[in-house]
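File shown: target25.cif. Contents: mmCIF, C-alpha atoms.
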data_protein
#
loop_
_atom_site.group_PDB
_atom_site.id
_atom_site.type_symbol
_atom_site.label_atom_id
_atom_site.label_comp_id
_atom_site.auth_asym_id
_atom_site.auth_seq_id
_atom_site.Cartn_x
_atom_site.Cartn_y
_atom_site.Cartn_z
ATOM 1 C CA MET A 760 23.555 -15.186 -9.624
ATOM 2 C CA GLN A 761 24.115 -11.448 -9.784
ATOM 3 C CA GLU A 762 25.651 -9.447 -6.986
ATOM 4 C CA ILE A 763 23.756 -6.487 -5.639
ATOM 5 C CA ASN A 764 25.375 -3.268 -6.820
ATOM 6 C CA LYS A 765 26.405 -0.820 -4.143
ATOM 7 C CA ASP A 766 23.334 1.265 -4.987
ATOM 8 C CA SER A 767 20.682 -0.928 -6.572
ATOM 9 C CA ILE A 768 17.517 0.951 -7.522
ATOM 10 C CA PHE A 769 14.138 -0.754 -7.765
ATOM 11 C CA LYS A 770 10.917 0.884 -8.931
ATOM 12 C CA ILE A 771 7.866 0.005 -6.812
ATOM 13 C CA CYS A 772 4.305 0.960 -7.776
ATOM 14 C CA ILE A 773 1.448 1.433 -5.330
ATOM 15 C CA PHE A 774 -2.070 1.371 -6.725
ATOM 16 C CA GLY A 775 -5.683 0.914 -5.610
ATOM 17 C CA GLU A 776 -8.844 2.854 -4.920
ATOM 18 C CA ARG A 777 -9.015 6.419 -3.639
ATOM 19 C CA ASN A 778 -8.467 7.208 0.070
ATOM 20 C CA VAL A 779 -6.996 3.841 1.064
ATOM 21 C CA GLY A 780 -3.695 5.222 2.362
ATOM 22 C CA LYS A 781 -1.428 4.974 -0.710
ATOM 23 C CA THR A 782 0.050 8.417 -0.200
ATOM 24 C CA SER A 783 0.500 7.843 3.533
ATOM 25 C CA LEU A 784 2.300 4.551 2.855
ATOM 26 C CA THR A 785 4.430 6.235 0.196
ATOM 27 C CA GLN A 786 5.455 8.950 2.626
ATOM 28 C CA ALA A 787 5.841 6.835 5.788
ATOM 29 C CA GLY A 788 9.481 6.600 6.804
ATOM 30 C CA ILE A 789 10.690 8.189 3.583
ATOM 31 C CA GLN A 790 14.050 9.921 3.755
ATOM 32 C CA LYS A 791 13.646 11.998 0.596
ATOM 33 C CA LYS A 792 10.483 13.028 -1.170
ATOM 34 C CA GLU A 793 10.711 13.960 -4.821
ATOM 35 C CA VAL A 794 8.818 16.771 -6.476
ATOM 36 C CA LYS A 795 5.702 15.462 -8.176
ATOM 37 C CA PRO A 796 6.342 15.206 -11.920
ATOM 38 C CA PRO A 797 2.758 15.375 -13.204
ATOM 39 C CA VAL A 798 -0.169 15.924 -10.853
ATOM 40 C CA CYS A 799 -1.260 12.290 -11.147
ATOM 41 C CA ILE A 800 1.888 10.616 -9.725
ATOM 42 C CA ASP A 801 3.646 10.968 -6.399
ATOM 43 C CA ILE A 802 7.242 9.670 -6.308
ATOM 44 C CA ALA A 803 9.367 9.114 -3.210
ATOM 45 C CA LEU A 804 12.727 7.483 -2.509
ATOM 46 C CA LYS A 805 13.286 5.023 0.327
ATOM 47 C CA ASN A 806 16.694 3.730 1.361
ATOM 48 C CA LEU A 807 17.137 0.201 2.722
ATOM 49 C CA THR A 808 20.138 -1.902 3.595
ATOM 50 C CA ILE A 809 19.882 -5.591 2.676
ATOM 51 C CA ASN A 810 22.829 -7.946 3.179
ATOM 52 C CA SER A 811 25.157 -4.961 3.701
ATOM 53 C CA SER A 812 24.112 -3.455 0.359
ATOM 54 C CA LYS A 813 22.339 -0.161 -0.086
ATOM 55 C CA ILE A 814 19.035 -0.435 -1.928
ATOM 56 C CA ILE A 815 17.067 2.554 -3.141
ATOM 57 C CA LEU A 816 13.354 2.109 -3.740
ATOM 58 C CA GLN A 817 11.667 4.512 -6.126
ATOM 59 C CA ILE A 818 8.086 4.424 -4.892
ATOM 60 C CA TRP A 819 5.530 5.512 -7.468
ATOM 61 C CA ASN A 820 1.986 6.208 -6.305
ATOM 62 C CA LEU A 821 -0.581 6.647 -9.075
ATOM 63 C CA ARG A 822 -3.724 8.622 -8.285
ATOM 64 C CA SER A 823 -6.719 6.369 -8.681
ATOM 65 C CA ASP A 824 -8.949 8.843 -10.491
ATOM 66 C CA PRO A 825 -10.321 7.232 -13.674
ATOM 67 C CA GLN A 826 -9.043 10.109 -15.835
ATOM 68 C CA PHE A 827 -5.457 9.140 -14.885
ATOM 69 C CA GLN A 828 -5.725 5.417 -15.643
ATOM 70 C CA PHE A 829 -4.636 6.018 -19.234
ATOM 71 C CA ILE A 830 -1.134 6.619 -17.882
ATOM 72 C CA PHE A 831 -1.005 3.202 -16.185
ATOM 73 C CA PRO A 832 1.074 1.507 -18.935
ATOM 74 C CA ILE A 833 3.697 4.248 -18.677
ATOM 75 C CA PHE A 834 3.459 4.282 -14.879
ATOM 76 C CA ILE A 835 4.413 0.617 -14.492
ATOM 77 C CA LYS A 836 7.118 0.553 -17.165
ATOM 78 C CA GLY A 837 10.336 -0.798 -15.659
ATOM 79 C CA ILE A 838 8.860 -1.759 -12.299
ATOM 80 C CA SER A 839 10.385 -4.359 -10.024
ATOM 81 C CA GLY A 840 7.473 -4.814 -7.598
ATOM 82 C CA GLY A 841 3.934 -3.707 -6.862
ATOM 83 C CA ILE A 842 1.582 -3.065 -3.963
ATOM 84 C CA PHE A 843 -2.197 -3.199 -4.297
ATOM 85 C CA MET A 844 -3.534 -1.200 -1.366
ATOM 86 C CA TYR A 845 -6.949 -1.284 0.283
ATOM 87 C CA ASP A 846 -8.494 0.175 3.445
ATOM 88 C CA ILE A 847 -9.439 -2.396 6.120
ATOM 89 C CA THR A 848 -12.333 -0.116 7.204
ATOM 90 C CA ASN A 849 -13.905 0.225 3.753
ATOM 91 C CA TYR A 850 -15.231 -2.778 1.821
ATOM 92 C CA SER A 851 -15.549 -0.821 -1.427
ATOM 93 C CA SER A 852 -11.747 -0.370 -1.416
ATOM 94 C CA ILE A 853 -11.256 -4.084 -2.120
ATOM 95 C CA LYS A 854 -14.290 -4.876 -4.270
ATOM 96 C CA ASN A 855 -12.499 -3.747 -7.461
ATOM 97 C CA VAL A 856 -9.340 -5.744 -6.760
ATOM 98 C CA GLU A 857 -9.788 -7.804 -9.946
ATOM 99 C CA LYS A 858 -10.093 -4.663 -12.088
ATOM 100 C CA TRP A 859 -6.930 -3.185 -10.568
ATOM 101 C CA LEU A 860 -4.920 -6.398 -10.819
ATOM 102 C CA THR A 861 -6.009 -6.951 -14.422
ATOM 103 C CA LEU A 862 -5.056 -3.375 -15.312
ATOM 104 C CA PHE A 863 -1.728 -3.893 -13.568
ATOM 105 C CA LYS A 864 -0.848 -7.333 -14.957
ATOM 106 C CA ASP A 865 -2.066 -6.614 -18.495
ATOM 107 C CA ASN A 866 0.364 -3.715 -18.746
ATOM 108 C CA LEU A 867 3.485 -5.523 -17.534
ATOM 109 C CA SER A 868 6.143 -6.100 -20.147
ATOM 110 C CA ASN A 869 6.986 -9.742 -20.901
ATOM 111 C CA ASP A 870 10.287 -9.537 -19.020
ATOM 112 C CA LYS A 871 8.464 -8.332 -15.871
ATOM 113 C CA LYS A 872 5.608 -10.883 -15.701
ATOM 114 C CA LYS A 873 6.990 -12.485 -12.524
ATOM 115 C CA ILE A 874 7.432 -9.427 -10.346
ATOM 116 C CA PRO A 875 6.383 -9.722 -6.687
ATOM 117 C CA LEU A 876 3.031 -8.195 -5.867
ATOM 118 C CA LEU A 877 1.836 -7.531 -2.317
ATOM 119 C CA MET A 878 -1.619 -6.698 -1.031
ATOM 120 C CA VAL A 879 -1.574 -4.186 1.814
ATOM 121 C CA GLY A 880 -4.501 -3.250 4.036
ATOM 122 C CA GLY A 881 -4.057 0.246 5.373
ATOM 123 C CA LYS A 882 -5.417 2.066 8.415
ATOM 124 C CA LEU A 883 -4.639 -0.718 10.899
ATOM 125 C CA ASP A 884 -4.754 1.920 13.652
ATOM 126 C CA LEU A 885 -8.539 1.932 13.015
ATOM 127 C CA HIS A 886 -8.816 -1.849 13.578
ATOM 128 C CA LYS A 887 -11.944 -1.396 15.737
ATOM 129 C CA GLU A 888 -13.711 -0.129 12.602
ATOM 130 C CA ARG A 889 -12.505 -3.081 10.485
ATOM 131 C CA VAL A 890 -14.919 -4.429 7.859
ATOM 132 C CA ILE A 891 -12.409 -6.512 5.868
ATOM 133 C CA SER A 892 -11.164 -9.468 7.893
ATOM 134 C CA ARG A 893 -7.629 -10.785 7.618
ATOM 135 C CA LYS A 894 -9.077 -14.134 6.593
ATOM 136 C CA TYR A 895 -10.991 -12.556 3.694
ATOM 137 C CA ALA A 896 -7.944 -10.546 2.574
ATOM 138 C CA LYS A 897 -5.787 -13.698 2.617
ATOM 139 C CA LYS A 898 -8.426 -15.496 0.550
ATOM 140 C CA ILE A 899 -8.300 -12.691 -2.053
ATOM 141 C CA SER A 900 -4.473 -12.765 -2.016
ATOM 142 C CA LYS A 901 -4.457 -16.493 -2.642
ATOM 143 C CA LYS A 902 -7.069 -16.257 -5.413
ATOM 144 C CA TYR A 903 -5.011 -13.691 -7.335
ATOM 145 C CA LYS A 904 -1.611 -15.285 -6.588
ATOM 146 C CA ILE A 905 -0.380 -12.300 -4.613
ATOM 147 C CA VAL A 906 2.932 -13.041 -2.859
ATOM 148 C CA LYS A 907 1.829 -11.890 0.594
ATOM 149 C CA ASN A 908 -0.840 -9.896 2.380
ATOM 150 C CA PHE A 909 0.125 -7.282 4.989
ATOM 151 C CA GLU A 910 -1.762 -4.817 7.098
ATOM 152 C CA CYS A 911 -0.202 -1.570 8.251
ATOM 153 C CA SER A 912 -0.736 1.776 9.854
ATOM 154 C CA SER A 913 1.076 4.699 8.312
ATOM 155 C CA LYS A 914 -0.068 6.730 11.309
ATOM 156 C CA THR A 915 1.690 4.517 13.901
ATOM 157 C CA GLY A 916 4.327 3.069 11.556
ATOM 158 C CA GLU A 917 3.205 -0.502 12.258
ATOM 159 C CA ASN A 918 4.533 -2.943 9.620
ATOM 160 C CA ILE A 919 5.748 -0.193 7.233
ATOM 161 C CA GLU A 920 9.403 -1.260 7.275
ATOM 162 C CA GLN A 921 8.436 -4.952 7.071
ATOM 163 C CA ILE A 922 6.384 -4.337 3.917
ATOM 164 C CA PHE A 923 9.199 -2.616 2.044
ATOM 165 C CA GLU A 924 11.859 -5.020 3.306
ATOM 166 C CA PHE A 925 9.777 -8.096 2.365
ATOM 167 C CA LEU A 926 9.045 -6.665 -1.082
ATOM 168 C CA THR A 927 12.711 -5.811 -1.640
ATOM 169 C CA ARG A 928 13.864 -9.283 -0.583
ATOM 170 C CA SER A 929 11.240 -10.797 -2.909
ATOM 171 C CA ILE A 930 12.550 -8.664 -5.795
ATOM 172 C CA LEU A 931 16.115 -9.740 -5.065
ATOM 173 C CA LYS A 932 15.062 -13.391 -5.024
ATOM 174 C CA ILE A 933 13.148 -13.167 -8.322
ATOM 175 C CA GLU A 934 15.894 -11.175 -10.043
ATOM 176 C CA ASN A 935 18.355 -13.812 -8.816
ATOM 177 C CA TYR A 936 20.654 -11.635 -6.751
ATOM 178 C CA SER A 937 22.952 -13.359 -4.287
#

Full structure transcribed into structure tokens:
Amino acid sequence: MQEINKDSIFKICIFGERNVGKTSLTQAGIQKKEVKPPVCIDIALKNLTINSSKIILQIWNLRSDPQFQFIFPIFIKGISGGIFMYDITNYSSIKNVEKWLTLFKDNLSNDKKKIPLLMVGGKLDLHKERVISRKYAKKISKKYKIVKNFECSSKTGENIEQIFEFLTRSILKIENYS
């Protein structure tokens, strides 16, 4: 088992359809926002403390526009975890889940094939407008062997910290840190 370095850095990628809340999740509770390198990627840093060790998450959010999908292989290079995001109030945001997951998994390097992947339903503050049930989302998660399904609201902050902490702990477990 490895020990966590004082400042371990893990790259997390958020991807999914347009207008599902990827940017809001990326920015929710972020201590430091980085300048956007190219127009198609938003990068932020999030600090966590796990088992008395400081962890820095580099959160990469790829714009979902088709003209930017060519950069996907470069975008996910060196990642430690991923989040497929959908909008609980918009069925079309989840209908292409297979396309997104295939694009994601097909571009992982061989040494990263077992990274944790979460599915996150955004806009939980609009739960009265829900069209994607939790039961359906869990069924999709199970079908595609996604580690866990969460729902969150970037507007209220509900479940934001839990998502990043769960993903970080899952990364630590897979990468065999003590």

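Distances to A:Thr785 were evaluated for A:Thr861, A:Ile842, A:Ser811, A:Thr848 using all atoms listed in the file, and the minimum falls at A:Ile842.
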
Contacts of A:Ile891 at 9 Å or less, counting all atoms listed in the file, minus same-chain residues fewer than 2 places along, as a list in words? Asp846, Ile847, Thr848, Asn849, Tyr850, Ile853, Gly880, Arg889, Arg893, Lys894, Tyr895 and Ala896 of chain A

Measuring between all atoms listed in the file, which one of A:Lys864, A:Lys858, A:Lys914, A:Arg822 shows the shortest distance to A:Leu885?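 Ranking A:Lys864, A:Lys858, A:Lys914, A:Arg822 by distance to A:Leu885, first place goes to A:Lys914.
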
Set out as a Markdown table a contact list for stretch 828-902 of chain A and stretch 774-777 of chain A with a cut-off of 6 Å, giving each residue of stretch 828-902 of chain A that qualifies its closest atom pair and distance in Å to one decimal, counting only C-alpha atoms, ordered by chain and rising residue number.
| residue | atom | partner | partner_atom | distance |
| --- | --- | --- | --- | --- |
| A:Phe843 | CA | A:Phe774 | CA | 5.2 |
| A:Met844 | CA | A:Gly775 | CA | 5.2 |
| A:Ser852 | CA | A:Glu776 | CA | 5.6 |

On this structure, the PyMOL selection byres ((chain A and resi 920) around 12) would catch which residues? List them as JSON, numbers by chain, sorted by chain and number. {"A": [784, 785, 786, 787, 788, 789, 805, 806, 807, 808, 909, 910, 911, 912, 913, 915, 916, 917, 918, 919, 921, 922, 923, 924, 925, 926, 927]}

With C-alpha atoms retained, could you export that selection as a tab-separated table (two decimals), in the frame of the given file?
chain	number	residue	atom	x	y	z
A	784	LEU	CA	2.30	4.55	2.86
A	785	THR	CA	4.43	6.24	0.20
A	786	GLN	CA	5.46	8.95	2.63
A	787	ALA	CA	5.84	6.84	5.79
A	788	GLY	CA	9.48	6.60	6.80
A	789	ILE	CA	10.69	8.19	3.58
A	805	LYS	CA	13.29	5.02	0.33
A	806	ASN	CA	16.69	3.73	1.36
A	807	LEU	CA	17.14	0.20	2.72
A	808	THR	CA	20.14	-1.90	3.60
A	909	PHE	CA	0.12	-7.28	4.99
A	910	GLU	CA	-1.76	-4.82	7.10
A	911	CYS	CA	-0.20	-1.57	8.25
A	912	SER	CA	-0.74	1.78	9.85
A	913	SER	CA	1.08	4.70	8.31
A	915	THR	CA	1.69	4.52	13.90
A	916	GLY	CA	4.33	3.07	11.56
A	917	GLU	CA	3.20	-0.50	12.26
A	918	ASN	CA	4.53	-2.94	9.62
A	919	ILE	CA	5.75	-0.19	7.23
A	921	GLN	CA	8.44	-4.95	7.07
A	922	ILE	CA	6.38	-4.34	3.92
A	923	PHE	CA	9.20	-2.62	2.04
A	924	GLU	CA	11.86	-5.02	3.31
A	925	PHE	CA	9.78	-8.10	2.37
A	926	LEU	CA	9.04	-6.66	-1.08
A	927	THR	CA	12.71	-5.81	-1.64

Would you write out, as a ChimeraX atom specification, every residue that the PyMOL selection byres ((chain A and resi 900-904) around 9) captures in this file? /A:857,860,876-878,895-899,905-908

Within 12 Å of A:Asn866, counting only C-alpha atoms, which residues show up once you throw out same-chain ones fewer than 5 positions away? Write them as a list in words, please. Gln828, Phe829, Ile830, Phe831, Pro832, Ile833, Phe834, Ile835, Lys836, Gly837, Ile838, Trp859, Leu860, Thr861, Lys871 and Lys872 of chain A

For the selection just defined, write its residues with C-alpha atoms to a file, as a short mmCIF file (atom, residue, chain, number, x, y, z; two decimals), keeping the file's coordinate frame.
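Below is the file that was written, part-v7.cif:
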data_model
loop_
_atom_site.label_atom_id
_atom_site.label_comp_id
_atom_site.auth_asym_id
_atom_site.auth_seq_id
_atom_site.Cartn_x
_atom_site.Cartn_y
_atom_site.Cartn_z
CA GLN A 828 -5.72 5.42 -15.64
CA PHE A 829 -4.64 6.02 -19.23
CA ILE A 830 -1.13 6.62 -17.88
CA PHE A 831 -1.00 3.20 -16.18
CA PRO A 832 1.07 1.51 -18.93
CA ILE A 833 3.70 4.25 -18.68
CA PHE A 834 3.46 4.28 -14.88
CA ILE A 835 4.41 0.62 -14.49
CA LYS A 836 7.12 0.55 -17.16
CA GLY A 837 10.34 -0.80 -15.66
CA ILE A 838 8.86 -1.76 -12.30
CA TRP A 859 -6.93 -3.18 -10.57
CA LEU A 860 -4.92 -6.40 -10.82
CA THR A 861 -6.01 -6.95 -14.42
CA LYS A 871 8.46 -8.33 -15.87
CA LYS A 872 5.61 -10.88 -15.70
#

Where does the PyMOL selection byres ((chain A and resi 802) around 6) land in this file, that is, which residues does it pick, as an mmCIF file with C-alpha atoms, in the frame of the given file?
data_model
loop_
_atom_site.group_PDB
_atom_site.id
_atom_site.type_symbol
_atom_site.label_atom_id
_atom_site.label_comp_id
_atom_site.auth_asym_id
_atom_site.auth_seq_id
_atom_site.Cartn_x
_atom_site.Cartn_y
_atom_site.Cartn_z
ATOM 1 C CA GLU A 793 10.711 13.960 -4.821
ATOM 2 C CA ASP A 801 3.646 10.968 -6.399
ATOM 3 C CA ALA A 803 9.367 9.114 -3.210
ATOM 4 C CA ILE A 818 8.086 4.424 -4.892
ATOM 5 C CA TRP A 819 5.530 5.512 -7.468
#

Given all atoms listed in the file as the basis, pick out the residue of A:Asp824, A:Ser839, A:Val879, A:Asn869 nearest to A:Ile933.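 The answer is A:Ser839, which sits nearest to A:Ile933.
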
Using only C-alpha atoms, find the one residue out of A:Asp865, A:Asn855, A:Ile874, A:Ile814 that sits nearest to A:Cys772.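 Checking each of A:Asp865, A:Asn855, A:Ile874, A:Ile814 against A:Cys772, counting only C-alpha atoms, the winner is A:Ile874.
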
Around all listed atoms of stretch 888-894 of chain A, padded 8 Å per side, what centre and edge lengths does the axis-aligned box have in Å to one decimal, as AutoDock Vina command-line options?
--center_x -11.3 --center_y -7.1 --center_z 9.2 --size_x 23.3 --size_y 30.0 --size_z 22.7

With only C-alpha atoms as the atoms that count, which of A:Ser929, A:Ser868, A:Ser892, A:Ser851 lies nearest to A:Asn778?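 When distances to A:Asn778 are compared using only C-alpha atoms, the smallest one comes from A:Ser851.
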
Restricting the calculation to all atoms listed in the file, which member of A:Val890, A:Leu867, A:Leu883, A:Leu821 is positioned closest to A:Thr782?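 Of A:Val890, A:Leu867, A:Leu883, A:Leu821, the one nearest A:Thr782 is A:Leu821, counting all atoms listed in the file.
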
d(atom CA of A:Lys932, atom CA of A:Gly841) in Å: 14.9 Å

Expressed in Å to a single decimal, how great is the separation between atom CA of A:Gly780 and atom CA of A:Leu804? 17.3 Å

Hey, can you check how far atom CA of A:Gln817 sits from atom CA of A:Lys854? 27.7 Å
